[in-house]
Every structure is written in C-alpha cells, then in structure tokens.
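Novice: So that you have it, the file is run.csv, and it contains CSV, C-alpha atoms and all ligand atoms:
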```csv
chain,number,residue,atom,x,y,z
A,17,MET,CA,18.9,-11.4,63.0
A,18,PRO,CA,17.2,-14.6,64.0
A,19,GLU,CA,15.8,-16.9,61.3
A,20,ALA,CA,12.3,-15.7,60.6
A,21,THR,CA,9.9,-17.9,62.3
A,22,PRO,CA,6.3,-17.6,61.2
A,23,ASN,CA,4.5,-15.9,64.0
A,24,THR,CA,0.8,-16.7,64.1
A,25,ASP,CA,0.1,-14.0,66.7
A,26,GLY,CA,1.4,-11.1,64.7
A,27,VAL,CA,1.7,-9.7,61.3
A,28,GLN,CA,5.1,-9.5,59.7
A,29,ILE,CA,5.9,-6.4,57.7
A,30,ASP,CA,8.8,-6.3,55.2
A,31,LEU,CA,10.1,-2.9,54.2
A,32,ILE,CA,12.0,-3.4,51.0
A,33,SER,CA,14.5,-0.8,50.0
A,34,GLY,CA,14.8,0.7,46.5
A,35,ALA,CA,18.3,-0.6,46.3
A,36,ARG,CA,17.2,-4.2,47.0
A,37,MET,CA,14.6,-4.0,44.3
A,38,ASP,CA,16.9,-2.3,41.8
A,39,GLY,CA,19.0,-5.4,41.6
A,40,LEU,CA,16.0,-7.6,40.6
A,41,ARG,CA,14.3,-8.3,37.2
A,42,SER,CA,10.6,-7.5,36.9
A,43,MET,CA,9.5,-11.1,37.4
A,44,GLU,CA,11.9,-11.5,40.4
A,45,LYS,CA,10.3,-8.5,42.0
A,46,ILE,CA,6.8,-9.8,41.4
A,47,ARG,CA,7.8,-13.3,42.7
A,48,LEU,CA,9.3,-11.7,45.9
A,49,ILE,CA,6.2,-9.6,46.5
A,50,LEU,CA,3.7,-12.4,45.9
A,51,ASP,CA,5.7,-15.0,47.9
A,52,THR,CA,5.8,-12.7,50.9
A,53,VAL,CA,2.1,-11.7,50.6
A,54,ARG,CA,1.0,-15.3,50.2
A,55,ASP,CA,2.8,-16.1,53.4
A,56,GLY,CA,0.4,-13.6,55.0
A,57,ASN,CA,2.9,-10.8,55.3
A,58,ILE,CA,2.7,-7.1,54.3
A,59,VAL,CA,5.3,-5.7,51.9
A,60,ILE,CA,6.2,-2.0,51.8
A,61,LEU,CA,8.2,-1.0,48.8
A,62,GLU,CA,10.3,2.1,49.2
A,63,GLU,CA,10.2,2.9,45.5
A,64,GLY,CA,7.2,1.0,44.1
A,65,LEU,CA,6.9,-0.6,40.7
A,66,SER,CA,6.9,0.6,37.2
A,67,PRO,CA,3.5,0.7,35.4
A,68,ASP,CA,4.6,-2.3,33.4
A,69,GLU,CA,5.5,-4.2,36.5
A,70,GLU,CA,2.2,-3.2,38.1
A,71,SER,CA,0.4,-4.6,35.1
A,72,LYS,CA,2.3,-7.9,35.4
A,73,LEU,CA,1.7,-8.0,39.1
A,74,ILE,CA,-2.0,-7.9,38.5
A,75,GLU,CA,-1.8,-10.5,35.8
A,76,VAL,CA,0.3,-12.9,37.9
A,77,THR,CA,-1.9,-12.3,41.0
A,78,MET,CA,-5.0,-13.2,39.0
A,79,ASN,CA,-3.3,-16.4,37.8
A,80,GLU,CA,-2.5,-17.4,41.4
A,81,ILE,CA,-5.9,-16.7,43.0
A,82,SER,CA,-7.5,-19.9,44.2
A,83,PRO,CA,-10.7,-20.4,46.2
A,84,ASP,CA,-10.3,-20.6,50.1
A,85,GLU,CA,-6.5,-20.2,49.7
A,86,PHE,CA,-5.5,-16.9,48.1
A,87,ASN,CA,-8.0,-14.1,47.2
A,88,GLY,CA,-5.5,-11.7,45.7
A,89,ILE,CA,-3.8,-8.6,46.9
A,90,GLU,CA,-4.6,-5.2,48.3
A,91,ILE,CA,-2.2,-2.6,46.9
A,92,GLU,CA,-2.0,1.1,47.7
A,93,THR,CA,0.2,3.8,46.4
A,94,TYR,CA,-0.2,7.5,46.5
A,95,PRO,CA,-2.0,8.9,43.4
A,96,ARG,CA,0.5,9.9,40.7
A,97,SER,CA,1.2,13.6,41.1
A,98,GLN,CA,-1.1,15.4,38.7
A,99,THR,CA,1.3,18.1,37.7
A,100,GLY,CA,0.9,18.7,34.0
A,101,ASP,CA,2.6,16.5,31.4
A,102,LYS,CA,4.4,14.3,33.9
A,103,SER,CA,8.0,14.8,33.0
A,104,PHE,CA,8.4,14.1,29.3
A,105,LEU,CA,12.1,14.3,29.7
A,106,GLY,CA,12.1,11.8,32.5
A,107,ARG,CA,10.2,9.3,30.4
A,108,LEU,CA,12.5,10.0,27.5
A,109,MET,CA,15.4,9.0,29.7
A,110,GLY,CA,13.6,5.9,30.7
A,111,LYS,CA,13.0,7.1,34.2
A,112,GLU,CA,9.4,6.6,34.9
A,113,GLU,CA,8.2,8.4,37.9
A,114,THR,CA,7.7,5.4,40.0
A,115,LYS,CA,9.3,6.4,43.3
A,116,LYS,CA,6.2,6.2,45.3
A,117,LEU,CA,5.8,4.2,48.5
A,118,THR,CA,3.7,1.1,47.8
A,119,VAL,CA,2.0,-1.1,50.3
A,120,ILE,CA,0.9,-4.6,49.3
A,121,GLY,CA,-0.8,-7.2,51.4
A,122,PRO,CA,-3.1,-10.2,51.2
A,123,ALA,CA,-6.6,-9.0,50.3
A,124,ASN,CA,-8.2,-10.8,53.1
A,125,GLN,CA,-6.0,-9.2,55.8
A,126,ILE,CA,-5.5,-5.6,54.7
A,127,GLU,CA,-8.2,-3.0,54.3
A,128,THR,CA,-7.7,0.6,53.2
A,129,LEU,CA,-9.4,3.0,55.5
A,130,HIS,CA,-8.4,6.2,54.0
A,131,LYS,CA,-6.3,7.4,51.1
A,132,ASP,CA,-5.4,10.8,49.7
A,133,GLU,CA,-2.4,12.4,48.0
A,134,ASN,CA,-0.4,12.5,51.3
A,135,LEU,CA,-1.7,9.7,53.5
A,136,ILE,CA,-2.6,6.1,53.3
A,137,SER,CA,-4.3,4.6,56.3
A,138,ALA,CA,-4.8,0.8,56.4
A,139,LEU,CA,-6.1,-1.7,58.8
A,140,VAL,CA,-4.2,-4.9,59.0
A,141,SER,CA,-5.8,-7.9,60.6
A,142,ARG,CA,-4.3,-11.2,61.7
A,143,ARG,CA,-4.9,-14.4,59.7
B,3,MET,CA,-5.4,-27.0,-6.8
B,4,GLY,CA,-9.2,-27.0,-6.5
B,5,LEU,CA,-11.4,-24.2,-7.7
B,6,LEU,CA,-12.5,-23.5,-4.2
B,7,THR,CA,-9.0,-23.1,-2.8
B,8,GLU,CA,-8.1,-20.8,-5.6
B,9,LEU,CA,-11.3,-18.8,-5.0
B,10,ARG,CA,-10.5,-18.6,-1.3
B,11,ASP,CA,-6.9,-17.5,-2.1
B,12,SER,CA,-8.1,-14.7,-4.3
B,13,ILE,CA,-10.7,-13.6,-1.9
B,14,SER,CA,-8.2,-13.4,0.9
B,15,ARG,CA,-5.8,-11.5,-1.3
B,16,VAL,CA,-8.5,-8.9,-2.0
B,17,THR,CA,-9.5,-8.7,1.7
B,18,ASP,CA,-5.8,-8.4,2.6
B,19,ARG,CA,-5.4,-5.5,0.3
B,20,LEU,CA,-8.6,-3.9,1.6
B,21,PHE,CA,-7.6,-4.0,5.2
B,22,SER,CA,-3.8,-3.7,5.1
B,23,ALA,CA,-4.1,0.0,4.2
B,24,SER,CA,-6.0,0.8,7.3
B,25,GLU,CA,-6.4,-2.1,9.7
B,26,PRO,CA,-9.1,-1.2,12.1
B,27,LYS,CA,-7.7,0.0,15.4
B,28,ARG,CA,-8.3,-2.2,18.3
B,29,ILE,CA,-10.0,-0.2,21.1
B,30,GLY,CA,-10.1,-1.8,24.5
B,31,ILE,CA,-12.9,-0.8,26.9
B,32,TYR,CA,-11.4,-1.0,30.3
B,33,GLY,CA,-12.4,0.0,33.8
B,34,PRO,CA,-13.4,-1.4,37.1
B,35,PRO,CA,-16.1,-4.1,37.5
B,36,ASN,CA,-19.7,-2.9,37.1
B,37,ALA,CA,-18.8,0.5,35.5
B,38,GLY,CA,-21.0,-0.2,32.5
B,39,LYS,CA,-18.4,-1.3,29.9
B,40,THR,CA,-20.5,-4.0,28.4
B,41,THR,CA,-23.6,-1.7,28.3
B,42,LEU,CA,-21.4,0.8,26.4
B,43,ALA,CA,-19.9,-1.8,24.1
B,44,ASN,CA,-23.4,-3.1,23.3
B,45,ARG,CA,-24.7,0.4,22.6
B,46,ILE,CA,-21.8,1.1,20.2
B,47,ALA,CA,-22.2,-2.2,18.5
B,48,ARG,CA,-26.0,-1.9,18.2
B,49,ASP,CA,-25.8,1.7,17.0
B,50,TRP,CA,-23.4,0.9,14.2
B,51,THR,CA,-23.7,-2.8,13.4
B,52,GLY,CA,-27.1,-3.8,14.6
B,53,ASP,CA,-26.1,-6.5,17.1
B,54,ALA,CA,-24.7,-6.7,20.6
B,55,VAL,CA,-21.5,-7.8,22.2
B,56,GLY,CA,-22.4,-9.6,25.4
B,57,PRO,CA,-24.6,-9.8,28.5
B,58,GLU,CA,-24.8,-6.9,31.1
B,59,SER,CA,-25.5,-7.5,34.8
B,60,HIS,CA,-25.5,-5.8,38.1
B,61,ILE,CA,-23.4,-8.7,39.5
B,62,PRO,CA,-19.7,-7.8,39.2
B,63,HIS,CA,-17.6,-9.8,36.8
B,64,GLU,CA,-20.4,-10.5,34.4
B,65,THR,CA,-17.8,-10.2,31.6
B,66,ARG,CA,-15.1,-12.8,32.2
B,67,ARG,CA,-13.6,-13.1,28.7
B,68,ALA,CA,-12.6,-10.2,26.5
B,69,ARG,CA,-15.2,-10.1,23.7
B,70,ARG,CA,-14.6,-8.4,20.4
B,71,LYS,CA,-16.9,-6.8,17.9
B,72,GLU,CA,-14.9,-6.3,14.7
B,73,ASN,CA,-15.2,-3.7,12.1
B,74,VAL,CA,-17.5,-1.3,13.8
B,75,THR,CA,-17.6,1.6,11.3
B,76,ILE,CA,-18.6,4.9,12.9
B,77,GLU,CA,-19.6,7.8,10.6
B,78,ARG,CA,-18.8,11.3,11.9
B,79,ASN,CA,-19.2,14.6,9.9
B,80,GLY,CA,-18.6,12.8,6.6
B,81,ARG,CA,-15.6,10.9,8.0
B,82,THR,CA,-15.7,7.2,8.8
B,83,VAL,CA,-13.5,5.4,11.4
B,84,THR,CA,-13.5,1.6,11.7
B,85,ILE,CA,-12.6,0.1,15.0
B,86,ASP,CA,-12.6,-3.3,16.7
B,87,VAL,CA,-14.3,-2.8,20.0
B,88,VAL,CA,-12.9,-5.1,22.7
B,89,ASP,CA,-15.1,-5.3,25.9
B,90,THR,CA,-12.9,-6.5,28.7
B,91,PRO,CA,-13.6,-7.9,32.2
B,92,GLY,CA,-13.5,-5.4,35.0
B,93,VAL,CA,-10.0,-5.1,36.4
B,94,THR,CA,-9.3,-5.8,40.0
B,95,THR,CA,-6.5,-7.1,42.2
B,96,LYS,CA,-8.7,-9.5,44.2
B,97,VAL,CA,-11.5,-11.9,43.6
B,98,ASP,CA,-13.3,-13.7,46.4
B,99,TYR,CA,-16.0,-16.2,45.3
B,100,ASN,CA,-17.8,-15.7,48.6
B,101,GLU,CA,-19.0,-12.3,47.3
B,102,PHE,CA,-20.9,-14.1,44.6
B,103,LEU,CA,-22.7,-16.2,47.2
B,104,GLU,CA,-24.4,-13.0,48.3
B,105,HIS,CA,-26.0,-12.9,44.8
B,106,ASP,CA,-27.8,-16.1,45.4
B,107,MET,CA,-25.3,-18.3,43.6
B,108,GLU,CA,-24.5,-21.9,44.4
B,109,LYS,CA,-20.9,-22.4,45.7
B,110,ASP,CA,-19.9,-24.3,42.6
B,111,ASP,CA,-21.1,-21.6,40.3
B,112,ALA,CA,-19.5,-18.9,42.4
B,113,ILE,CA,-16.1,-20.7,42.3
B,114,ARG,CA,-16.4,-21.1,38.6
B,115,ARG,CA,-17.4,-17.5,38.1
B,116,SER,CA,-14.4,-16.3,40.2
B,117,ARG,CA,-12.0,-18.6,38.3
B,118,GLU,CA,-13.3,-17.3,35.0
B,119,ALA,CA,-13.0,-13.7,36.3
B,120,THR,CA,-9.4,-14.1,37.3
B,121,GLU,CA,-8.5,-15.7,34.0
B,122,GLY,CA,-10.3,-12.9,32.1
B,123,VAL,CA,-8.6,-10.1,34.1
B,124,ALA,CA,-5.2,-11.7,33.5
B,125,GLU,CA,-5.9,-11.9,29.8
B,126,ALA,CA,-7.2,-8.3,29.7
B,127,MET,CA,-4.0,-7.1,31.4
B,128,HIS,CA,-1.9,-9.0,28.9
B,129,TRP,CA,-3.9,-7.5,26.0
B,130,LEU,CA,-3.4,-4.0,27.4
B,131,ARG,CA,0.4,-4.5,27.2
B,132,GLU,CA,0.4,-6.1,23.8
B,133,ASP,CA,-2.7,-5.8,21.6
B,134,VAL,CA,-4.6,-2.6,22.1
B,135,ASP,CA,-4.2,0.5,20.0
B,136,GLY,CA,-6.4,2.8,22.2
B,137,VAL,CA,-8.5,2.7,25.4
B,138,ILE,CA,-11.9,3.8,26.4
B,139,TYR,CA,-11.8,4.0,30.2
B,140,VAL,CA,-15.2,3.7,31.7
B,141,LEU,CA,-16.0,4.8,35.2
B,142,ASP,CA,-19.2,4.8,37.2
B,143,SER,CA,-19.6,8.5,38.0
B,144,SER,CA,-21.6,7.8,41.2
B,145,THR,CA,-18.6,6.1,42.8
B,146,ASP,CA,-15.2,7.4,44.0
B,147,PRO,CA,-12.7,7.4,41.1
B,148,PHE,CA,-9.7,7.7,43.4
B,149,THR,CA,-9.1,3.9,43.6
B,150,GLN,CA,-5.9,2.1,43.3
B,151,VAL,CA,-7.1,0.1,40.3
B,152,ASN,CA,-7.9,3.3,38.5
B,153,THR,CA,-4.6,5.0,39.4
B,154,MET,CA,-2.6,1.9,38.3
B,155,LEU,CA,-4.5,1.3,35.1
B,156,ILE,CA,-4.4,5.0,33.9
B,157,GLY,CA,-0.7,4.9,34.7
B,158,ILE,CA,-0.2,1.7,32.7
B,159,ILE,CA,-2.1,3.2,29.8
B,160,GLU,CA,-0.1,6.4,29.9
B,161,SER,CA,3.2,4.6,30.1
B,162,GLN,CA,2.3,2.9,26.8
B,163,ASP,CA,1.4,6.2,25.2
B,164,LEU,CA,-2.0,4.8,24.2
B,165,PRO,CA,-4.7,7.4,23.3
B,166,VAL,CA,-7.3,7.2,26.1
B,167,LEU,CA,-10.8,8.6,26.5
B,168,ILE,CA,-12.2,8.7,30.0
B,169,LEU,CA,-16.0,8.3,30.2
B,170,ALA,CA,-18.0,9.3,33.2
B,171,ASN,CA,-20.8,6.8,32.9
B,172,LYS,CA,-24.2,6.6,34.7
B,173,VAL,CA,-24.8,10.4,34.7
B,174,ASP,CA,-28.5,9.5,35.0
B,175,LEU,CA,-27.9,8.5,38.7
B,176,GLU,CA,-28.6,11.0,41.4
B,177,ASP,CA,-25.2,10.5,43.0
B,178,SER,CA,-23.3,11.1,39.7
B,179,ASN,CA,-20.4,13.4,40.1
B,180,ILE,CA,-18.6,14.2,36.8
B,181,GLN,CA,-16.3,16.9,38.3
B,182,ARG,CA,-14.9,14.4,40.7
B,183,ILE,CA,-13.7,12.3,37.8
B,184,ALA,CA,-12.3,15.3,35.9
B,185,ASN,CA,-10.4,16.2,39.1
B,186,ALA,CA,-9.0,12.7,39.5
B,187,PHE,CA,-7.6,12.7,35.9
B,188,PRO,CA,-7.1,16.3,34.9
B,189,GLN,CA,-4.5,15.3,32.3
B,190,HIS,CA,-7.3,13.7,30.2
B,191,GLU,CA,-10.6,14.7,28.8
B,192,THR,CA,-13.7,13.4,30.6
B,193,ILE,CA,-16.9,12.8,28.7
B,194,PRO,CA,-20.1,12.3,30.6
B,195,LEU,CA,-22.7,9.8,29.4
B,196,SER,CA,-25.3,7.4,30.3
B,197,ALA,CA,-24.7,4.2,28.4
B,198,LEU,CA,-27.9,2.8,29.7
B,199,GLU,CA,-30.1,5.7,28.6
B,200,GLY,CA,-28.1,6.6,25.6
B,201,ASP,CA,-27.4,10.2,26.9
B,202,ASN,CA,-24.7,12.2,25.2
B,203,MET,CA,-23.7,9.4,22.8
B,204,ASP,CA,-23.2,11.9,20.0
B,205,GLU,CA,-20.3,13.5,21.9
B,206,VAL,CA,-18.9,10.0,22.7
B,207,TYR,CA,-18.9,9.1,19.0
B,208,ASP,CA,-17.4,12.5,18.1
B,209,LYS,CA,-14.6,11.8,20.5
B,210,ILE,CA,-14.1,8.2,19.4
B,211,ALA,CA,-13.6,9.5,15.8
B,212,GLU,CA,-11.3,12.3,17.0
B,213,TYR,CA,-9.1,10.1,19.2
B,214,PHE,CA,-9.0,6.8,17.3
B,215,GLY,CA,-9.7,7.8,13.7
C,1,LIG,N1,-28.1,3.9,35.9
C,1,LIG,C1,-27.3,3.4,35.0
C,1,LIG,N2,-26.9,2.1,35.1
C,1,LIG,C2,-26.0,1.7,34.2
C,1,LIG,C3,-25.5,2.5,33.1
C,1,LIG,N3,-24.6,1.7,32.4
C,1,LIG,C4,-24.6,0.5,32.9
C,1,LIG,N4,-25.5,0.4,34.0
C,1,LIG,C5,-25.8,-0.7,34.8
C,1,LIG,O1,-24.7,-1.1,35.6
C,1,LIG,C6,-24.6,-2.5,35.7
C,1,LIG,C7,-23.3,-3.0,35.2
C,1,LIG,O2,-23.3,-2.8,33.8
C,1,LIG,P1,-22.3,-3.7,32.8
C,1,LIG,O3,-22.4,-3.1,31.5
C,1,LIG,O4,-22.6,-5.2,32.9
C,1,LIG,O5,-20.9,-3.4,33.6
C,1,LIG,P2,-19.5,-3.9,33.2
C,1,LIG,O6,-18.5,-2.7,33.4
C,1,LIG,O7,-19.4,-4.5,31.9
C,1,LIG,O8,-19.2,-5.0,34.3
C,1,LIG,P3,-18.2,-6.2,34.4
C,1,LIG,O9,-18.3,-6.9,33.1
C,1,LIG,O10,-18.7,-7.0,35.5
C,1,LIG,O11,-16.9,-5.7,34.7
C,1,LIG,C8,-25.8,-3.1,35.0
C,1,LIG,O12,-26.8,-3.3,35.9
C,1,LIG,C9,-26.2,-2.0,34.0
C,1,LIG,O13,-27.5,-1.9,33.7
C,1,LIG,C10,-25.9,3.9,33.1
C,1,LIG,O14,-25.5,4.7,32.3
C,1,LIG,N5,-26.8,4.3,34.1
C,2,MG,MG,-19.0,-6.4,31.3
```
How would this structure read if it were set down as structure tokens?
Specialist:
Amino acid sequence: MPEATPNTDGVQIDLISGARMDGLRSMEKIRLILDTVRDGNIVILEEGLSPDEESKLIEVTMNEISPDEFNGIEIETYPRSQTGDKSFLGRLMGKEETKKLTVIGPANQIETLHKDENLISALVSRR
Amino acid sequence: MGLLTELRDSISRVTDRLFSASEPKRIGIYGPPNAGKTTLANRIARDWTGDAVGPESHIPHETRRARRKENVTIERNGRTVTIDVVDTPGVTTKVDYNEFLEHDMEKDDAIRRSREATEGVAEAMHWLREDVDGVIYVLDSSTDPFTQVNTMLIGIIESQDLPVLILANKVDLEDSNIQRIANAFPQHETIPLSALEGDNMDEVYDKIAEYFG
C-alpha cells in the first residue's frame, strides 16, 4: 500500500479491526481515534469501545477542542440491545457487550441523518 | 496550642463522627444540555434548603462547572435521606462557539463560554467515573431520547452499577412524550415531571428517597 498522502479532494475512512484494537490500551485507542479524526478522517471501529473508554473519549475530546481548529467529534453506535438485564454473566466475566460497530468523525464534517437499531446513515462532507 | 485550634479540633472530631456513620451520598444530575438539570437542582435545593444552586438559561451550556449543594435532607414518609446534589454541565461530544454567536453573544464571550463548557464536560465525565454515588438523568421529554450521548451515558452509568433515576422533564410542553423515553430505556424507571412548574415533584422525592436513601 502506498504511503498515505493526505488527499484534499476526498475523505479518508479507516476501518479498524477488533484485533487491532485488542492489542491497545485504553488511552492508546483514544489517541489513535482522535489523531485520525483530527486529521479530518473518519474512523470505523469493528468492535467499538467499552463504556469506560467512551467516557474517557468524551473527556479527552473536550480537553482538545479549540476554537476554529477542532470542534469535537460525532460518534454513532447502534443503541445497546434492550433485552432485559444485559448479560449479568457476561459482565461478571469482564466481557462488556461492546461489540457494536462505531463510527467516529470530526463534528464539522459528519452529520447523522438517520439512526435506529439496525441502521446508521451519515452524511460526510469534505473539509 | 491555642484555644481556638483546640476548639476547632474538637468540633471537627464531632462533625467527623456525625458524618462518618452516613456520609451523604453524592448524586450527580446528568443529561444533555438544556434538559432542565439546573432547574431541577434549584427546585430540589429550594424545597429542602431554601436556596438555589445556579443560573438557568435557554442558551445551552449555561452550567459550565459542576455545582454542588451539600447536605440536602429530604424527608419522606418519616424517613430522611441526606444527599449532596451535584448539578453538572450538559454532556456533549462537540462544542462550536459559533453556535453561541446566534444567541447575540460577542465572539470573545462565545469563545470563553465554549472553553468553559468543554472544561466542565470533561470534569463531569471524570466525576462520573470517580466521585458519584448515584445519578439523576434528566431528559427533555419533548425531544428525541435516542441520541448517541444518551446511549453512551446510560451505558457508562450502568457499567459502573450506579443507581439511576431517569426523569422525563418538561411534561408541561405540548410535544412532551413520556412513553418515548420509557421505550428508549426500558430497563429503568422513568418518572415524568416539570421541574419548571413543579409538577409531580412528590413522586420525584419519593423515588430519590427510595433509590438513594
Ligand atoms: N417548559 C419547561 N421548560 C423547562 C423545564 N425545566 C427547564 N426548562 C427550561 O429549559 C431551559 C434550560 O433549563 P436549565 O435548567 O438551564 O437546563 P440545563 O439542563 O441545566 O442546561 P445546561 O446547564 O446548559 O446543560 C430553561 O429555559 C428552563 O427554563 C420544564 O419543566 N418545562
Ligand atoms: Mg445547567
């Protein structure tokens, strides 16, 4: 694959596999996401983040917002499945139900058009 | 050692003893911007302590620092619960100062407001992970509850096993839809209210006592 050259005409989309994310610590994941998004790219995570990581992602995003430079992120995941007491056993085993596709992009370039349990439709614009 | 220091020591020993038995639970009021969190916090504080927590406004991100009202003692059916009420800034994943310009604000003020808002949200998220014993989650029932911020925050709260009460606020508005909120979060109890008009506050206090007592 050629060295990624920033393309001002298009929008780069990075699909990051669960396997790739599994090898990273929470803060490394957040850094990877925010660095990619701050370059004007869209990140799609195969397996999403844990609630704790989502909370840290919001916190770090807030700390990095700066006027006329970075407005924050747009993030979309499917709503957590609402089936009863969300796998008590799973939580006991430390396996949060986080395997939900997650789309993250720069707030000024991505706009969610529609979202329900099964479909996320987003409009991505160029810088 | 001076008399004053001794006195202070003995007072703090007495208060230590008074509070160590049942430290007031710290209840965070969370939710998206403009849901009515401060209006609710002020109503709770006024009803039980006589004074308010902070300013309310139709402009989003009015609250930009978590504000605490300590030792709010609520009496319910002969029982009393004492809580610290923490009003937090509305949580979001983005802040654009240009939106404040639409509210007739000077650019400098808008930039300052957005900076304070981002700091406040960061702080509120940190608190939620570390320093909160229970959550009152306030939603504007006239708006769509199926937002990413709501989904993430409820998920974060659940993952920490914090007791959470979901309040469907602004039921006085014509567009209010309580059922839509109940459907969005069926695993939790939804309590309707109007923090502004004071409607159904009795049930809200009953539930606060039940959940956080
Ligand atoms: N109609 C109606 N309006 C309400 C109610 N509660 C709050 N409001 C109004 O909604 C607006 C926002 O209220 P706040 O209490 O400042 O909202 P907040 O959630 O603290 O907002 P931020 O601090 O910006 O996150 C104000 O104009 C309030 O008067 C209610 O029960 N009914
Ligand atoms: Mg407020």
Novice: Just want the 7 Å neighbourhood of A:Glu127, counted on only C-alpha atoms, with same-chain residues fewer than 6 positions away dropped. Output as a ChimeraX atom specification.
Specialist: /A:138-140
Novice: What is the distance between atom P2 of ligand LIG 1 (chain C) and atom CA of B:Thr65, in Å to one decimal?
Specialist: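 Atom CA of B:Thr65 lies at a distance of 6.7 Å from atom P2 of ligand LIG 1 (chain C).
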Novice: Wanna dump the chain B-ligand LIG 1 (chain C) contacts at 8 Å for me, each residue with its shortest atom pair and the distance in Å to one decimal, counting only C-alpha atoms and all ligand atoms, ordered by chain and number, as a tab-separated table?
Specialist:
```
residue	atom	partner	partner_atom	distance
B:Tyr32	CA	C:LIG1	O6	7.9
B:Gly33	CA	C:LIG1	O6	6.7
B:Pro34	CA	C:LIG1	O11	6.0
B:Pro35	CA	C:LIG1	O11	3.3
B:Asn36	CA	C:LIG1	O8	3.5
B:Ala37	CA	C:LIG1	O6	3.8
B:Gly38	CA	C:LIG1	O3	3.4
B:Lys39	CA	C:LIG1	O6	3.8
B:Thr40	CA	C:LIG1	O7	3.7
B:Thr41	CA	C:LIG1	O3	3.7
B:Leu42	CA	C:LIG1	O3	6.5
B:Ala43	CA	C:LIG1	O3	7.9
B:Pro57	CA	C:LIG1	O4	6.7
B:Glu58	CA	C:LIG1	O4	3.3
B:Ser59	CA	C:LIG1	O4	4.2
B:His60	CA	C:LIG1	O12	3.6
B:Ile61	CA	C:LIG1	O10	6.4
B:Pro62	CA	C:LIG1	O10	3.9
B:His63	CA	C:LIG1	O10	3.3
B:Glu64	CA	C:LIG1	O10	4.0
B:Thr65	CA	C:LIG1	O9	3.7
B:Arg66	CA	C:LIG1	O9	6.8
B:Asp89	CA	C:LIG1	O7	7.4
B:Thr90	CA	C:LIG1	O9	7.0
B:Pro91	CA	C:LIG1	O11	4.7
B:Gly92	CA	C:LIG1	O11	3.4
B:Val93	CA	C:LIG1	O11	7.1
B:Val140	CA	C:LIG1	O6	7.4
B:Asp142	CA	C:LIG1	C3	7.9
B:Asn171	CA	C:LIG1	O14	5.2
B:Lys172	CA	C:LIG1	O14	3.3
B:Val173	CA	C:LIG1	O14	6.2
B:Asp174	CA	C:LIG1	N5	5.5
B:Leu175	CA	C:LIG1	N1	5.4
B:Leu195	CA	C:LIG1	O14	6.5
B:Ser196	CA	C:LIG1	O14	3.4
B:Ala197	CA	C:LIG1	O14	4.0
B:Leu198	CA	C:LIG1	O14	4.0
B:Glu199	CA	C:LIG1	O14	6.0
B:Gly200	CA	C:LIG1	O14	7.4
B:Asp201	CA	C:LIG1	O14	7.9
```
Novice: Would you write out those residues with C-alpha atoms, as a compact mmCIF listing (two decimals), in the coordinates of the input?
Specialist:
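Ended up saving to again-v5.txt:
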```txt
# COMPACT_ATOMS: atom_id res chain seq x y z
CA TYR B 32 -11.40 -1.00 30.30
CA GLY B 33 -12.40 0.00 33.80
CA PRO B 34 -13.40 -1.40 37.10
CA PRO B 35 -16.10 -4.10 37.50
CA ASN B 36 -19.70 -2.90 37.10
CA ALA B 37 -18.80 0.50 35.50
CA GLY B 38 -21.00 -0.20 32.50
CA LYS B 39 -18.40 -1.30 29.90
CA THR B 40 -20.50 -4.00 28.40
CA THR B 41 -23.60 -1.70 28.30
CA LEU B 42 -21.40 0.80 26.40
CA ALA B 43 -19.90 -1.80 24.10
CA PRO B 57 -24.60 -9.80 28.50
CA GLU B 58 -24.80 -6.90 31.10
CA SER B 59 -25.50 -7.50 34.80
CA HIS B 60 -25.50 -5.80 38.10
CA ILE B 61 -23.40 -8.70 39.50
CA PRO B 62 -19.70 -7.80 39.20
CA HIS B 63 -17.60 -9.80 36.80
CA GLU B 64 -20.40 -10.50 34.40
CA THR B 65 -17.80 -10.20 31.60
CA ARG B 66 -15.10 -12.80 32.20
CA ASP B 89 -15.10 -5.30 25.90
CA THR B 90 -12.90 -6.50 28.70
CA PRO B 91 -13.60 -7.90 32.20
CA GLY B 92 -13.50 -5.40 35.00
CA VAL B 93 -10.00 -5.10 36.40
CA VAL B 140 -15.20 3.70 31.70
CA ASP B 142 -19.20 4.80 37.20
CA ASN B 171 -20.80 6.80 32.90
CA LYS B 172 -24.20 6.60 34.70
CA VAL B 173 -24.80 10.40 34.70
CA ASP B 174 -28.50 9.50 35.00
CA LEU B 175 -27.90 8.50 38.70
CA LEU B 195 -22.70 9.80 29.40
CA SER B 196 -25.30 7.40 30.30
CA ALA B 197 -24.70 4.20 28.40
CA LEU B 198 -27.90 2.80 29.70
CA GLU B 199 -30.10 5.70 28.60
CA GLY B 200 -28.10 6.60 25.60
CA ASP B 201 -27.40 10.20 26.90
```
Novice: Rank B:Asn100, B:Ser144, B:Ser178, B:Asn44 by their smallest atom-to-atom distance to chain A, using all atoms listed in the file, and report the top residue only.
Specialist: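 Nearest to chain A: B:Asn100.
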Novice: Please identify all residues of chain A having at least one atom at most 6 Å from any atom of chain B, considering all atoms listed in the file, and return them as a PyMOL selection string.
Specialist: chain A and resi 67+74-75+78+87-89+92
Novice: To one decimal place in Å, what is the distance between atom CA of B:Tyr139 and atom CA of B:Leu167?
Specialist: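 Interatomic distance, atom CA of B:Tyr139 to atom CA of B:Leu167: 6.0 Å.
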Novice: Using only C-alpha atoms, which of A:Ile58, A:Ile126, A:Leu73, A:Glu85 sits nearest A:Ser141?
Specialist: A:Ile126
Novice: Atom CA of A:Gly26 and atom CA of A:Glu62, how far apart in Å?
Specialist: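 So the answer is 22.2 Å.
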Novice: So that I can see what lies close to A:Pro122, please list as a PDB file with C-alpha atoms, keeping the file's coordinate frame the residues with an atom at most 6 Å from it, counting only C-alpha atoms and leaving out residues fewer than 3 positions away in the same chain.
Specialist:
```pdb
ATOM      1  CA  VAL A  53       2.100 -11.700  50.600  1.00  0.00           C
ATOM      2  CA  ILE A  89      -3.800  -8.600  46.900  1.00  0.00           C
ATOM      3  CA  GLU A  90      -4.600  -5.200  48.300  1.00  0.00           C
ATOM      4  CA  GLN A 125      -6.000  -9.200  55.800  1.00  0.00           C
TER       5      GLN A 125
END
```
Novice: Given all atoms listed in the file as the basis, pick out the residue of B:Arg70, B:Glu25, B:Asn202, B:Trp50 nearest to ligand MG 2 (chain C).
Specialist: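 Among the listed residues, B:Arg70 lies closest to ligand MG 2 (chain C).
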